[in-house]
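Novice: What follows is the file start-v4.cif, containing mmCIF, C-alpha atoms:
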data_start
loop_
_atom_site.label_atom_id
_atom_site.label_comp_id
_atom_site.auth_asym_id
_atom_site.auth_seq_id
_atom_site.Cartn_x
_atom_site.Cartn_y
_atom_site.Cartn_z
CA MET X 264 25.22 211.22 49.13
CA ARG X 265 28.49 210.94 50.99
CA ARG X 266 31.63 211.71 49.09
CA PRO X 267 34.19 208.87 48.88
CA ARG X 268 37.26 209.31 51.04
CA LEU X 269 40.50 210.04 49.25
CA ARG X 270 43.33 207.71 50.11
CA THR X 271 46.49 209.43 51.28
CA CYS X 272 50.00 207.88 51.11
CA SER X 273 52.28 208.48 54.05
CA ALA X 274 55.90 209.39 53.15
CA PHE X 275 59.02 211.03 54.61
CA THR X 276 59.42 214.69 54.10
CA LEU X 277 62.79 215.95 52.89
CA ILE X 278 63.60 217.27 56.35
CA GLU X 279 62.78 213.93 57.97
CA LEU X 280 64.97 212.11 55.43
CA LEU X 281 67.89 214.46 56.09
CA VAL X 282 67.50 213.92 59.83
CA VAL X 283 67.61 210.14 59.38
CA VAL X 284 70.68 210.37 57.14
CA ALA X 285 72.39 212.63 59.67
CA ILE X 286 71.66 210.20 62.51
CA MET X 287 73.02 207.29 60.46
CA ALA X 288 76.15 209.28 59.64
CA ILE X 289 76.69 210.01 63.32
CA LEU X 290 76.25 206.34 64.23
CA VAL X 291 78.65 205.25 61.50
CA GLY X 292 81.11 207.90 62.64
CA MET X 293 80.93 206.48 66.15
CA LEU X 294 81.17 202.88 64.97
CA VAL X 295 84.15 203.14 62.61
CA PRO X 296 86.66 204.30 65.27
CA ALA X 297 85.42 201.57 67.59
CA VAL X 298 85.96 198.94 64.88
CA GLN X 299 89.38 200.34 64.04
CA SER X 300 90.30 200.37 67.71
CA ALA X 301 89.21 196.75 68.09
CA ARG X 302 91.24 195.74 65.05
CA GLU X 303 94.30 197.56 66.34
CA ALA X 304 93.89 195.89 69.73
CA ALA X 305 93.87 192.51 67.97
CA ARG X 306 96.97 193.43 65.95
CA ARG X 307 98.76 194.62 69.09
CA ALA X 308 97.88 191.37 70.86
CA LYS X 309 99.25 189.37 67.91
CA CYS X 310 102.42 191.48 68.00
CA ALA X 311 102.80 190.79 71.72
CA ASN X 312 102.32 187.08 71.06
CA ASN X 313 105.10 187.19 68.44
CA LEU X 314 107.46 188.64 71.03
CA LYS X 315 106.43 185.95 73.52
CA GLN X 316 107.37 183.31 70.94
CA ILE X 317 110.73 185.02 70.50
CA GLY X 318 111.14 184.95 74.28
CA VAL X 319 110.45 181.22 74.42
CA ALA X 320 112.93 180.61 71.59
CA LEU X 321 115.59 182.64 73.42
CA HIS X 322 115.22 180.45 76.51
CA VAL X 323 115.38 177.34 74.32
CA TYR X 324 118.68 178.71 72.97
CA VAL X 325 119.93 179.35 76.51
CA ASP X 326 119.08 175.79 77.49
CA ALA X 327 121.12 174.51 74.56
CA PHE X 328 124.14 176.85 74.76
CA SER X 329 124.06 178.21 78.34
CA SER X 330 124.09 181.82 77.10
CA LEU X 331 122.10 184.27 75.05
CA PRO X 332 122.86 184.50 71.33
CA PRO X 333 125.18 187.34 70.30
CA GLY X 334 123.62 190.59 69.19
CA ARG X 335 126.25 191.57 66.64
CA MET X 336 128.67 188.90 65.52
CA MET X 337 131.49 189.56 63.11
CA THR X 338 131.88 187.04 60.32
CA TYR X 339 134.36 184.18 60.32
CA ASP X 340 133.91 183.64 56.59
CA PRO X 341 137.55 183.44 55.43
CA ARG X 342 136.77 185.64 52.44
CA TYR X 343 135.86 188.57 54.71
CA SER X 344 137.37 187.72 58.11
CA GLY X 345 141.01 188.60 57.47
CA THR X 346 143.82 186.95 59.35
CA ARG X 347 142.60 187.54 62.92
CA PRO X 348 138.82 187.26 63.14
CA PRO X 349 136.81 188.83 64.59
CA CYS X 350 139.32 191.68 64.88
CA THR X 351 139.99 191.84 61.15
CA SER X 352 136.48 190.89 60.00
CA SER X 353 134.77 193.39 57.73
CA ILE X 354 131.14 192.20 57.86
CA VAL X 355 128.59 191.91 60.65
CA ASP X 356 127.11 188.44 60.34
CA LYS X 357 124.01 186.60 61.59
CA SER X 358 121.35 188.21 63.75
CA PHE X 359 120.03 186.77 67.00
CA LEU X 360 116.78 186.09 65.12
CA ILE X 361 118.69 183.68 62.88
CA MET X 362 120.26 181.98 65.89
CA ILE X 363 116.90 181.19 67.50
CA LEU X 364 115.17 179.82 64.39
CA PRO X 365 115.10 176.22 65.72
CA GLY X 366 113.24 177.45 68.80
CA MET X 367 110.76 179.23 66.52
CA GLU X 368 109.90 175.86 64.89
CA GLN X 369 111.93 176.93 61.86
CA ALA X 370 114.58 174.21 62.01
CA SER X 371 114.30 173.56 58.26
CA LEU X 372 115.07 177.21 57.51
CA TYR X 373 118.00 177.17 59.93
CA ASN X 374 119.35 173.97 58.39
CA ALA X 375 119.23 175.60 54.95
CA ILE X 376 121.86 178.13 56.04
CA ASN X 377 125.45 177.54 55.00
CA GLN X 378 127.12 178.21 58.35
CA ASN X 379 130.62 178.29 56.83
CA VAL X 380 130.02 181.56 54.99
CA THR X 381 128.56 184.93 55.87
CA ILE X 382 124.78 185.18 56.07
CA LEU X 383 125.01 187.83 53.34
CA GLY X 384 126.86 185.51 50.98
CA ARG X 385 125.43 184.39 47.66
CA GLU X 386 125.39 180.87 49.05
CA ASN X 387 122.68 181.98 51.49
CA ARG X 388 120.55 183.98 49.07
CA THR X 389 117.73 181.43 49.24
CA ILE X 390 117.02 182.23 52.90
CA HIS X 391 117.16 186.02 52.43
CA THR X 392 113.58 186.08 51.16
CA MET X 393 112.16 183.50 53.58
CA ALA X 394 109.93 185.56 55.84
CA VAL X 395 109.03 184.26 59.29
CA ASP X 396 105.47 185.18 60.29
CA ALA X 397 106.36 185.63 63.95
CA TYR X 398 109.07 188.16 63.03
CA ALA X 399 106.49 190.61 61.63
CA CYS X 400 104.05 192.79 63.53
CA PRO X 401 100.66 192.95 61.76
CA THR X 402 100.57 196.72 62.34
CA ASP X 403 103.83 196.97 60.39
CA PRO X 404 102.68 195.94 56.88
CA GLY X 405 106.14 196.16 55.31
CA ALA X 406 107.57 193.42 57.53
CA GLY X 407 107.13 189.70 57.07
CA ARG X 408 107.61 189.78 53.34
CA ALA X 409 110.42 190.12 50.87
CA VAL X 410 111.03 193.54 49.34
CA GLN X 411 113.57 194.84 46.87
CA ALA X 412 116.46 196.04 48.99
CA ASN X 413 119.10 198.69 48.72
CA VAL X 414 122.33 196.81 47.90
CA ASP X 415 124.86 199.51 48.82
CA ARG X 416 126.27 197.56 51.75
CA MET X 417 126.54 194.46 49.55
CA LEU X 418 128.37 196.33 46.80
CA ARG X 419 131.10 197.45 49.21
CA HIS X 420 132.07 193.86 49.87
CA GLY X 421 131.58 192.42 46.41
CA LEU X 422 128.47 190.52 47.49
CA ALA X 423 126.40 192.11 44.74
CA VAL X 424 127.01 193.87 41.44
CA GLU X 425 125.79 197.26 40.30
CA GLY X 426 122.18 197.11 39.15
CA GLU X 427 121.52 193.70 40.69
CA ARG X 428 118.07 193.19 42.20
CA LEU X 429 118.23 191.83 45.71
CA ASN X 430 115.16 190.87 47.73
CA VAL X 431 115.23 190.47 51.51
CA ALA X 432 112.60 189.76 54.17
CA LEU X 433 112.08 192.44 56.80
CA THR X 434 111.40 192.16 60.52
CA SER X 435 109.60 194.36 63.05
CA TYR X 436 111.72 193.29 66.04
CA SER X 437 115.19 194.01 67.36
CA GLY X 438 117.37 193.07 70.32
CA CYS X 439 118.29 195.50 73.08
CA PHE X 440 121.91 196.67 72.92
CA GLY X 441 121.56 198.67 76.14
CA ALA X 442 121.41 202.31 77.15
CA HIS X 443 124.25 203.51 74.90
CA HIS X 444 125.06 203.64 71.22
CA VAL X 445 128.62 202.40 70.80
CA ASP X 446 130.62 200.00 68.67
CA ALA X 447 132.55 197.59 70.88
CA VAL X 448 134.03 195.38 68.19
CA PRO X 449 137.81 194.78 68.16
CA SER X 450 139.80 196.32 65.34
CA PRO X 451 143.43 196.48 64.23
CA ALA X 452 143.42 200.21 65.03
CA SER X 453 142.85 199.33 68.71
CA HIS X 454 145.34 196.43 68.58
CA CYS X 455 142.35 194.06 68.68
CA VAL X 456 141.56 195.16 72.25
CA ILE X 457 138.16 196.56 73.24
CA ALA X 458 138.51 199.62 75.46
CA PRO X 459 136.96 199.04 78.92
CA PRO X 460 134.58 202.04 78.59
CA LEU X 461 133.20 200.59 75.35
CA ALA X 462 132.73 197.20 76.96
CA ALA X 463 131.01 198.85 79.94
CA GLN X 464 128.62 200.77 77.70
CA SER X 465 127.64 197.59 75.85
CA ASP X 466 125.28 197.21 78.77
CA GLY X 467 122.27 195.42 77.27
CA SER X 468 121.59 191.75 76.71
CA PHE X 469 122.37 191.67 72.96
CA ASN X 470 125.43 193.59 71.88
CA ASP X 471 129.09 193.22 70.86
CA ILE X 472 130.13 191.52 74.11
CA SER X 473 129.31 187.83 74.22
CA PRO X 474 128.51 185.36 75.49
CA ILE X 475 126.07 186.83 78.02
CA THR X 476 124.52 184.37 80.45
CA LEU X 477 121.23 184.79 82.26
CA ALA X 478 123.24 185.01 85.48
CA ALA X 479 124.86 188.15 84.08
CA VAL X 480 121.43 189.83 83.96
CA SER X 481 121.69 190.83 87.59
CA ASP X 482 119.05 193.54 87.35
CA GLY X 483 116.50 190.73 87.13
CA LEU X 484 114.92 189.18 84.07
CA SER X 485 111.60 190.89 84.80
CA ASN X 486 113.34 194.28 84.86
CA THR X 487 115.38 193.90 81.67
CA ILE X 488 114.26 194.37 78.08
CA PHE X 489 115.47 191.66 75.73
CA ALA X 490 113.75 192.81 72.54
CA ALA X 491 111.33 195.44 71.30
CA GLU X 492 109.65 196.66 68.16
CA LYS X 493 111.43 198.60 65.44
CA ALA X 494 108.81 198.97 62.74
CA THR X 495 110.12 199.09 59.20
CA GLY X 496 107.12 201.24 58.28
CA LEU X 497 108.71 204.14 60.16
CA PHE X 498 111.51 204.26 57.60
CA ARG X 499 108.99 204.54 54.78
CA ARG X 500 106.84 207.07 56.62
CA PHE X 501 109.61 209.52 57.36
CA ASP X 502 112.12 208.71 54.60
CA LEU X 503 114.94 209.28 57.06
CA LEU X 504 118.01 208.99 54.90
CA SER X 505 117.06 208.83 51.24
CA HIS X 506 114.49 207.44 48.88
CA SER X 507 115.96 204.00 49.54
CA SER X 508 116.03 204.17 53.35
CA SER X 509 112.91 202.02 53.61
CA SER X 510 114.71 199.12 51.91
CA LYS X 511 118.08 199.72 53.52
CA TYR X 512 117.16 198.64 57.05
CA GLY X 513 115.10 196.03 58.85
CA TRP X 514 116.76 192.95 57.29
CA TYR X 515 115.92 190.04 59.57
CA MET X 516 119.05 188.00 58.94
CA THR X 517 121.84 190.41 59.92
CA GLY X 518 122.88 191.88 63.25
CA ASN X 519 123.54 195.38 61.97
CA TRP X 520 122.35 198.42 63.89
CA GLY X 521 119.66 199.34 61.41
CA ASP X 522 118.39 195.79 61.16
CA THR X 523 117.99 193.82 64.40
CA MET X 524 119.54 196.00 67.11
CA PHE X 525 118.16 198.99 69.00
CA THR X 526 119.43 201.13 71.84
CA ALA X 527 117.67 203.02 74.64
CA PHE X 528 120.19 205.80 74.08
CA TYR X 529 117.26 207.32 72.17
CA PRO X 530 113.68 207.53 73.49
CA PRO X 531 111.08 205.08 72.20
CA ASN X 532 109.21 206.32 69.13
CA MET X 533 111.72 209.13 68.86
CA HIS X 534 110.27 210.09 65.46
CA ALA X 535 107.42 211.70 67.42
CA LYS X 536 109.75 213.48 69.85
CA VAL X 537 112.92 214.44 68.00
CA ALA X 538 113.31 216.42 64.79
CA LEU X 539 114.22 214.51 61.66
CA ALA X 540 117.44 216.50 61.58
CA ALA X 541 118.68 213.85 63.98
CA GLY X 542 119.46 211.80 60.89
CA GLY X 543 119.06 208.22 59.92
CA ALA X 544 121.60 206.66 62.28
CA ALA X 545 119.65 207.77 65.33
CA HIS X 546 116.24 206.81 64.00
CA ALA X 547 117.42 203.50 62.58
CA SER X 548 118.92 202.53 65.95
CA SER X 549 115.93 203.42 68.13
CA ALA X 550 112.88 201.40 69.09
CA GLY X 551 109.56 202.34 67.56
CA SER X 552 106.22 201.02 66.41
CA LEU X 553 103.13 201.96 64.44
CA HIS X 554 100.87 201.21 67.41
CA PRO X 555 99.30 204.37 68.82
CA GLY X 556 100.79 205.37 72.15
CA GLY X 557 103.77 203.06 72.60
CA ILE X 558 105.64 199.87 71.76
CA ASN X 559 105.62 196.22 72.79
CA CYS X 560 108.72 195.11 74.69
CA LEU X 561 109.86 191.58 75.56
CA LEU X 562 111.34 191.24 79.05
CA GLY X 563 113.89 188.64 80.04
CA ASP X 564 111.37 186.51 81.93
CA GLY X 565 109.37 186.02 78.73
CA SER X 566 106.62 188.49 79.56
CA VAL X 567 105.63 191.30 77.20
CA ARG X 568 104.82 194.83 78.37
CA PHE X 569 103.38 197.69 76.37
CA VAL X 570 105.70 200.59 77.09
CA LYS X 571 104.01 203.95 76.62
CA ASP X 572 105.61 206.83 74.76
CA SER X 573 105.37 208.80 77.99
CA ILE X 574 107.86 206.55 79.80
CA GLN X 575 110.58 208.53 81.54
CA SER X 576 113.70 208.82 79.39
CA TRP X 577 116.68 211.10 79.74
CA PRO X 578 116.13 214.41 77.89
CA ALA X 579 117.08 214.22 74.23
CA ASP X 580 118.52 216.99 72.11
CA SER X 581 115.88 218.01 69.57
CA LEU X 582 118.33 218.07 66.67
CA THR X 583 120.65 215.13 67.33
CA GLY X 584 118.55 212.82 69.47
CA HIS X 585 121.51 212.43 71.83
CA PRO X 586 121.06 212.86 75.58
CA VAL X 587 121.33 216.50 76.54
CA GLY X 588 124.90 217.32 77.60
CA ALA X 589 126.40 214.03 76.39
CA SER X 590 129.56 214.06 74.31
CA ARG X 591 131.47 211.33 72.53
CA ASN X 592 135.02 210.60 73.58
CA PRO X 593 137.50 210.18 70.68
CA GLY X 594 137.71 206.53 71.76
CA GLY X 595 134.05 206.05 70.82
CA TRP X 596 132.33 205.95 74.22
CA TRP X 597 129.95 208.53 75.68
CA GLU X 598 130.66 210.93 78.51
CA HIS X 599 128.56 213.35 80.59
CA CYS X 600 125.31 211.47 79.99
CA PRO X 601 122.39 212.53 82.21
CA PRO X 602 121.29 210.17 85.01
CA PRO X 603 119.46 207.19 83.48
CA ARG X 604 115.69 207.21 83.62
CA ILE X 605 113.26 204.29 83.53
CA TRP X 606 113.69 203.63 79.78
CA GLN X 607 117.46 203.40 80.13
CA ALA X 608 117.20 201.35 83.33
CA LEU X 609 115.03 198.76 81.59
CA ALA X 610 117.57 198.46 78.79
CA THR X 611 120.59 197.62 80.95
CA ARG X 612 121.28 194.14 82.30
CA SER X 613 123.37 194.87 85.40
CA ALA X 614 123.36 198.58 86.27
CA GLY X 615 121.59 197.99 89.57
CA GLU X 616 118.72 200.45 89.11
CA ALA X 617 115.55 199.88 91.12
CA ILE X 618 112.43 199.89 88.94
CA ALA X 619 108.88 199.74 90.26
CA HIS X 620 106.59 197.68 88.05
CA ASP X 621 103.93 200.38 88.10
CA ALA X 622 106.46 202.96 86.90
CA TYR X 623 105.89 202.21 83.21
#
Please express what this file holds, its structure, as structure tokens.
Specialist:
Amino acid sequence: MRRPRLRTCSAFTLIELLVVVAIMAILVGMLVPAVQSAREAARRAKCANNLKQIGVALHVYVDAFSSLPPGRMMTYDPRYSGTRPPCTSSIVDKSFLIMILPGMEQASLYNAINQNVTILGRENRTIHTMAVDAYACPTDPGAGRAVQANVDRMLRHGLAVEGERLNVALTSYSGCFGAHHVDAVPSPASHCVIAPPLAAQSDGSFNDISPITLAAVSDGLSNTIFAAEKATGLFRRFDLLSHSSSSKYGWYMTGNWGDTMFTAFYPPNMHAKVALAAGGAAHASSAGSLHPGGINCLLGDGSVRFVKDSIQSWPADSLTGHPVGASRNPGGWWEHCPPPRIWQALATRSAGEAIAHDAY
């Protein structure tokens, strides 16, 4: 008699199972970076589209007023303007992002502003928290929403009281002041006259010298940066000044240096190139993003270019962030700056530099 066959069950051995798990882990490890890269590419494209919308709104403004909006405008609110505004004004007022709201299809928000008082006034508190989607880069999660802000600057002018909670909406974008970091606002100390070197170094398209027409951008609109990223997340990441630095800057409604103005005096993404000893003023006034490898920049012709971190910029001192060899004159302007490089050339409106489009 034949013996019955014994049925055998096939199964994975432990070694085979470990091999399968290892292969799956490798595949997942390869897939996750690809997915993250694709998501970041989408966020960067959305950020570039935001800047394009800002570019369109700027040209709508030019069509209406025959000039670009001011970068930093001193207030004419009689409570803070003194007897000879803007010379005696004590507060920097509306940002260029506020000026172009109608062109951003935000006419209702613009109409809600009391134009007779400073943008920081209590009368305009309702618009402080009104975030504009196109003013926030999706890679910069802190922007585009209202956060509790540091009120130190408000306290100095009696616009807030000690302990008051103030919420403001943040932005990821700022206008280009030029290749220098100067203050060219008139003051009683200078007899309400702006020194010619200060006026000359306000060499970008959004600064203290206005109005600036498109005709004044003689370097060519396609060779001149109008706006670029200044991610608010960088302030939180590096805690540049204090525990409150992340809520002290990036306010979309004011034209202050730390809010909606940047200068090519410092290299782009200088946080990755210059020691934090440079201090908050330098970092808060430079362009930067949370995109890997560079920043989105809006050019005057409305196009957007991704400027790499490796773009040529004049050498910066590792401790101060200032150009190597540069010194500040007692009058406030800079002397002995190195020859401008591509980053500085893109920031100026009429310096006459020749820039090849494949140079950055």
Novice: From the options X:Gly615, X:Gly513, X:Pro348, X:Gly421, which residue's atoms come nearest to Pro449 in chain X, counting only C-alpha atoms?
Specialist: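 Ranked by minimum distance to Pro449 in chain X, first place goes to X:Pro348.
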Novice: Between X:Leu372, X:Leu561, X:Met336, X:Ala399, which one has atoms that come closest to Trp514 in chain X, using only C-alpha atoms?
Specialist: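 Nearest candidate to Trp514 in chain X out of X:Leu372, X:Leu561, X:Met336, X:Ala399: X:Ala399.
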Novice: Could you check which residues have any atom within 10 Å of (113.0, 182.6, 75.0), counting all atoms listed in the file with coordinates taken straight from the file, and then list them as an mmCIF file with C-alpha atoms, in the coordinates of the input?
Specialist:
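Saved the output as selection.cif:
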data_model
loop_
_atom_site.group_PDB
_atom_site.id
_atom_site.type_symbol
_atom_site.label_atom_id
_atom_site.label_comp_id
_atom_site.auth_asym_id
_atom_site.auth_seq_id
_atom_site.Cartn_x
_atom_site.Cartn_y
_atom_site.Cartn_z
ATOM 1 C CA LEU X 314 107.460 188.640 71.030
ATOM 2 C CA LYS X 315 106.430 185.950 73.520
ATOM 3 C CA GLN X 316 107.370 183.310 70.940
ATOM 4 C CA ILE X 317 110.730 185.020 70.500
ATOM 5 C CA GLY X 318 111.140 184.950 74.280
ATOM 6 C CA VAL X 319 110.450 181.220 74.420
ATOM 7 C CA ALA X 320 112.930 180.610 71.590
ATOM 8 C CA LEU X 321 115.590 182.640 73.420
ATOM 9 C CA HIS X 322 115.220 180.450 76.510
ATOM 10 C CA VAL X 323 115.380 177.340 74.320
ATOM 11 C CA TYR X 324 118.680 178.710 72.970
ATOM 12 C CA VAL X 325 119.930 179.350 76.510
ATOM 13 C CA ASP X 326 119.080 175.790 77.490
ATOM 14 C CA LEU X 331 122.100 184.270 75.050
ATOM 15 C CA ILE X 363 116.900 181.190 67.500
ATOM 16 C CA GLY X 366 113.240 177.450 68.800
ATOM 17 C CA MET X 367 110.760 179.230 66.520
ATOM 18 C CA PHE X 489 115.470 191.660 75.730
ATOM 19 C CA LEU X 561 109.860 191.580 75.560
ATOM 20 C CA LEU X 562 111.340 191.240 79.050
ATOM 21 C CA GLY X 563 113.890 188.640 80.040
ATOM 22 C CA ASP X 564 111.370 186.510 81.930
ATOM 23 C CA GLY X 565 109.370 186.020 78.730
ATOM 24 C CA SER X 566 106.620 188.490 79.560
#
Novice: By how many Å are CA of Ser576 in chain X and CA of Pro531 in chain X apart?
Specialist: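 Distance between the two atoms: 8.5 Å.
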Novice: Distance table requested - range 415-436 of chain X against range 308-313 of chain X, cut-off 12 Å, all atoms listed in the file: one row per qualifying residue with the closest atom pair and its distance in Å to one decimal, ordered by chain and rising residue number, as CSV.
Specialist:
residue,atom,partner,partner_atom,distance
X:Thr434,CA,X:Asn313,CA,11.3
X:Ser435,CA,X:Cys310,CA,9.2
X:Tyr436,CA,X:Asn313,CA,9.3
Novice: Rounded to one decimal in Å, what is the spacing between CA of Ala394 in chain X and CA of Gly407 in chain X?
Specialist: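 Computed distance, CA of Ala394 in chain X to CA of Gly407 in chain X, equals 5.1 Å.
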Novice: Using only C-alpha atoms, list the residues that have an atom at most 9 Å from (110.1, 206.5, 66.1), coordinates as in the file, as a PDB file with C-alpha atoms, in the frame of the given file.
Specialist:
ATOM      1  CA  LYS X 493     111.430 198.600  65.440  1.00  0.00           C
ATOM      2  CA  ALA X 494     108.810 198.970  62.740  1.00  0.00           C
ATOM      3  CA  LEU X 497     108.710 204.140  60.160  1.00  0.00           C
ATOM      4  CA  PHE X 498     111.510 204.260  57.600  1.00  0.00           C
ATOM      5  CA  PRO X 530     113.680 207.530  73.490  1.00  0.00           C
ATOM      6  CA  PRO X 531     111.080 205.080  72.200  1.00  0.00           C
ATOM      7  CA  ASN X 532     109.210 206.320  69.130  1.00  0.00           C
ATOM      8  CA  MET X 533     111.720 209.130  68.860  1.00  0.00           C
ATOM      9  CA  HIS X 534     110.270 210.090  65.460  1.00  0.00           C
ATOM     10  CA  ALA X 535     107.420 211.700  67.420  1.00  0.00           C
ATOM     11  CA  LYS X 536     109.750 213.480  69.850  1.00  0.00           C
ATOM     12  CA  VAL X 537     112.920 214.440  68.000  1.00  0.00           C
ATOM     13  CA  HIS X 546     116.240 206.810  64.000  1.00  0.00           C
ATOM     14  CA  ALA X 547     117.420 203.500  62.580  1.00  0.00           C
ATOM     15  CA  SER X 549     115.930 203.420  68.130  1.00  0.00           C
ATOM     16  CA  ALA X 550     112.880 201.400  69.090  1.00  0.00           C
ATOM     17  CA  GLY X 551     109.560 202.340  67.560  1.00  0.00           C
ATOM     18  CA  SER X 552     106.220 201.020  66.410  1.00  0.00           C
ATOM     19  CA  LEU X 553     103.130 201.960  64.440  1.00  0.00           C
TER      20      LEU X 553
END
Novice: Pick out the residues sitting within 7 Å of Lys357 in chain X, and hand them over as a list in words; count only C-alpha atoms, and ignore anything fewer than 3 positions along from it in its own chain.
Specialist: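 Residues meeting the cut-off are Met336, Ile361, Ile382, Met516, Thr517 and Gly518 of chain X.
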Novice: Once the PyMOL selection byres ((chain X and resi 596-607) around 6) has been applied to the shown file, what residues remain in the selection, as a ChimeraX atom specification?
Specialist: /X:442,461,527,575-577,589-592,594-595,608-610
Novice: Pick out the residues sitting within 8 Å of range 464-480 of chain X, and hand them over as a ChimeraX atom specification; count only C-alpha atoms, and ignore anything fewer than 6 positions along from it in its own chain.
Specialist: /X:325,329-336,438-448,487-489,524,596,610-614
Novice: Could you jot down the CA of Asn413 in chain X to CA of Ser510 in chain X separation for me, Å, one decimal place?
Specialist: 5.4 Å
Novice: I'd like the contact shell of Met393 in chain X - 8 Å cut-off, only C-alpha atoms, skipping same-chain residues fewer than 5 positions apart - returned as an mmCIF file with C-alpha atoms, in the coordinates of the input.
Specialist:
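Result file follows (selection_32.cif):
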data_model
loop_
_atom_site.group_PDB
_atom_site.id
_atom_site.type_symbol
_atom_site.label_atom_id
_atom_site.label_comp_id
_atom_site.auth_asym_id
_atom_site.auth_seq_id
_atom_site.Cartn_x
_atom_site.Cartn_y
_atom_site.Cartn_z
ATOM 1 C CA LEU X 372 115.070 177.210 57.510
ATOM 2 C CA ARG X 408 107.610 189.780 53.340
ATOM 3 C CA ALA X 409 110.420 190.120 50.870
ATOM 4 C CA VAL X 431 115.230 190.470 51.510
ATOM 5 C CA ALA X 432 112.600 189.760 54.170
#
Novice: Using all atoms of range 562-567 of chain X listed in the file and a margin of 6 Å per side, can you give the axis-aligned box centre and edge lengths in Å to one decimal, as lines of an AutoDock Vina configuration file?
Specialist:
center_x = 109.8
center_y = 188.7
center_z = 79.6
size_x = 20.3
size_y = 17.3
size_z = 16.7
Novice: Kindly resolve the PyMOL selection byres ((chain X and resi 340) around 8) on the present coordinates and return the residues as a list of chain:residue names.
Specialist: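 Applied to this file, the PyMOL selection byres ((chain X and resi 340) around 8) selects X:Thr338, X:Tyr339, X:Pro341, X:Arg342, X:Tyr343, X:Ser344, X:Asn379, X:Val380, X:Thr381.
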Novice: List, as a short mmCIF file (atom, residue, chain, number, x, y, z; two decimals) with C-alpha atoms, in the coordinates of the input, every residue that the PyMOL selection byres ((chain X and resi 572) around 7) selects in the file provided.
Specialist:
data_model
loop_
_atom_site.label_atom_id
_atom_site.label_comp_id
_atom_site.auth_asym_id
_atom_site.auth_seq_id
_atom_site.Cartn_x
_atom_site.Cartn_y
_atom_site.Cartn_z
CA PRO X 531 111.08 205.08 72.20
CA ASN X 532 109.21 206.32 69.13
CA GLY X 556 100.79 205.37 72.15
CA GLY X 557 103.77 203.06 72.60
CA VAL X 570 105.70 200.59 77.09
CA LYS X 571 104.01 203.95 76.62
CA SER X 573 105.37 208.80 77.99
CA ILE X 574 107.86 206.55 79.80
#
